[in-house]
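Working notes, beginning with the structure itself.
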Amino acid sequence: MTYHYSTKDFSKQSMARAVGIALPVSVKHSVEVCNYIRNRNVADAKRMLDRVITEKQAVPYRRFHHGLAHKTGIGPGRFPVNTSKEIKKLLESVEANAQFQGLSTANLVITSAVVQKAPVTWHYGRQRRRKMKRATIEIIAKESKAEQKKGKKGGKQKKAAPEAKEQKAADTAHHVHEHASSPKQEHKEQDKEQRKEAQS
């Protein structure tokens with residue numbers, strides 16, 4: 001069965017994507033984590049998720065935060081470990097797809113992170129059954145042009161630096177040569193004047 005992404009403006013020349021269908025994670029936690037990593041560099045997002053998994057950094061909850069305890073410096077927040085692990089796997093898949101397409105994995109920026117509710121399944125039980133949490137998460141990353149331009153500008157400046165040094169050295173040598181030759185010219189003019197006076 002073919003999965004239809006929610007984002008239609010997708011370009012294989014500059015974008016990569018991955019989807020996790022019916023992942024065993026909470027939809028609410030997934031929404032908050034996706035909001036947390038959206039518009040960030042993929043490598044930075046992975047580092048942030050690693051800190052969340054080790055419970056060193058909490059994810060701020062901006063939507064589903066009713067009765068949620070506050071964390072230092074961010075307000076309502078949690079450590080959604082399982083959700084962070086699944087989303088980190090998706091980010092690694094995005095990087096692998098980007099590398100296969102010939103894109104630079106260092107310049108990937110997450111442009112779309114969408115969470116949808118997956119079909120409901122049930123925990124088996126004779127007396128009582130429970131609904132299992134399932135979410136479908138899709139992530140799209142785009143190769144950032146701004147970072148590419150910065151790299152190109154830096155390369156041009158490095159190449160132009162030796163040329164500027166050579167030009168400066170040449171100008172200095174020419175300037176010294178002019179100053180060194182000026183006394184000789186004055187001496188020659190004085191000799192000519194003395195010869196003219198002697199002849200007269």
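Order determines the names: the first chain of the structure tokens is A, the second B, and so forth; residues in each chain are numbered 1 upward, and ligands are numbered 1 upward as they are shown.
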
Legend entry - Close residues, Thr7 (chain A) itself excluded, 10 Å, only C-alpha atoms, min 3 positions apart in chain, as JSON, numbers by chain: {"A": [4, 10, 112, 113, 114, 138, 139, 140]}

With N, CA and C atoms retained, export the selected residues as a PDB file, in the first residue's frame.
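Result went into out-v7.pdb, see below:
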ATOM      1  N   HIS A   4       0.637   8.205   1.177  1.00  0.00           N
ATOM      2  CA  HIS A   4       0.540   9.533   0.580  1.00  0.00           C
ATOM      3  C   HIS A   4       0.933  10.575   1.629  1.00  0.00           C
ATOM      4  N   PHE A  10       7.198  18.491  -2.825  1.00  0.00           N
ATOM      5  CA  PHE A  10       8.418  17.738  -2.512  1.00  0.00           C
ATOM      6  C   PHE A  10       9.290  17.662  -3.755  1.00  0.00           C
ATOM      7  N   SER A 112       9.310  19.833   7.644  1.00  0.00           N
ATOM      8  CA  SER A 112       7.971  19.317   7.933  1.00  0.00           C
ATOM      9  C   SER A 112       8.077  18.122   8.870  1.00  0.00           C
ATOM     10  N   ALA A 113       7.284  18.161   9.940  1.00  0.00           N
ATOM     11  CA  ALA A 113       7.189  17.038  10.874  1.00  0.00           C
ATOM     12  C   ALA A 113       5.715  16.912  11.249  1.00  0.00           C
ATOM     13  N   VAL A 114       5.059  15.936  10.664  1.00  0.00           N
ATOM     14  CA  VAL A 114       3.603  15.798  10.779  1.00  0.00           C
ATOM     15  C   VAL A 114       3.270  14.516  11.534  1.00  0.00           C
ATOM     16  N   GLU A 138       5.585  11.510   9.874  1.00  0.00           N
ATOM     17  CA  GLU A 138       6.344  11.739   8.635  1.00  0.00           C
ATOM     18  C   GLU A 138       7.241  12.960   8.821  1.00  0.00           C
ATOM     19  N   ILE A 139       8.460  12.838   8.347  1.00  0.00           N
ATOM     20  CA  ILE A 139       9.452  13.907   8.479  1.00  0.00           C
ATOM     21  C   ILE A 139      10.059  14.189   7.111  1.00  0.00           C
ATOM     22  N   ILE A 140      10.129  15.462   6.774  1.00  0.00           N
ATOM     23  CA  ILE A 140      10.733  15.904   5.515  1.00  0.00           C
ATOM     24  C   ILE A 140      11.824  16.919   5.844  1.00  0.00           C
TER      25      ILE A 140
END

Inset, instruction - Enumerate, as a list in words, the complete set of residues in region 15-87 of chain A that a backbone-based DSSP assignment places in strand (DSSP E). - result: Met15, Ala16, Arg17, Ala18, Val19, Gly20, Ile21, Ala22, Leu23, Val59, Pro60, His70, Lys71, Gly75, Pro76, Gly77 and Arg78 of chain A

Inset, instruction - Find the residues near Ile21 (chain A): any atom within 10 Å, counting only C-alpha atoms, skip ones fewer than 6 places away on the same chain, and give them as a PyMOL selection string. - result: chain A and resi 3+116-119+134-138

With only C-alpha atoms counted and 12 Å as the cut-off, give the residues of region 72-153 of chain A in contact with region 49-52 of chain A, each with its shortest interatomic distance in Å and the pair that gives it, as a tab-separated table.
residue	atom	partner	partner_atom	distance
A:Gly77	CA	A:Val52	CA	10.9
A:Arg78	CA	A:Val52	CA	8.8
A:Phe79	CA	A:Val52	CA	5.8
A:Pro80	CA	A:Val52	CA	7.2
A:Val81	CA	A:Val52	CA	6.5
A:Asn82	CA	A:Val52	CA	9.9
A:Thr83	CA	A:Leu49	CA	9.4
A:Ser84	CA	A:Leu49	CA	5.7
A:Lys85	CA	A:Leu49	CA	7.5
A:Glu86	CA	A:Leu49	CA	10.0
A:Ile87	CA	A:Leu49	CA	8.4
A:Lys88	CA	A:Leu49	CA	6.8
A:Lys89	CA	A:Leu49	CA	10.5
A:Leu90	CA	A:Leu49	CA	11.8
A:Leu91	CA	A:Leu49	CA	10.3
A:Glu92	CA	A:Leu49	CA	12.0

Legend entry - Contacts of region 35-39 of chain A within 8 Å, only C-alpha atoms, excl. fewer than 2 positions in-chain, as a PyMOL selection string: chain A and resi 31-33+41+45+59-60+109-113

Inset, instruction - Enumerate, as a PyMOL selection string, the complete set of residues in region 11-157 of chain A that a backbone-based DSSP assignment places in helix (DSSP H, G or I). - result: chain A and resi 27-37+42-53+81-100+105-107+145-157

Inset, instruction - Compile the contact shell of Gly102 (chain A) as a list in words: residues with an atom at most 10 Å away, counting only C-alpha atoms, same-chain residues fewer than 6 positions apart removed. - result: Lys12, Gln13, Ser14 and Ala96 of chain A

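Minimum distance to Leu103 (chain A) across A:Ala141, A:Ile74, A:Ile53, A:Cys34 (counting only C-alpha atoms) occurs at A:Ala141.
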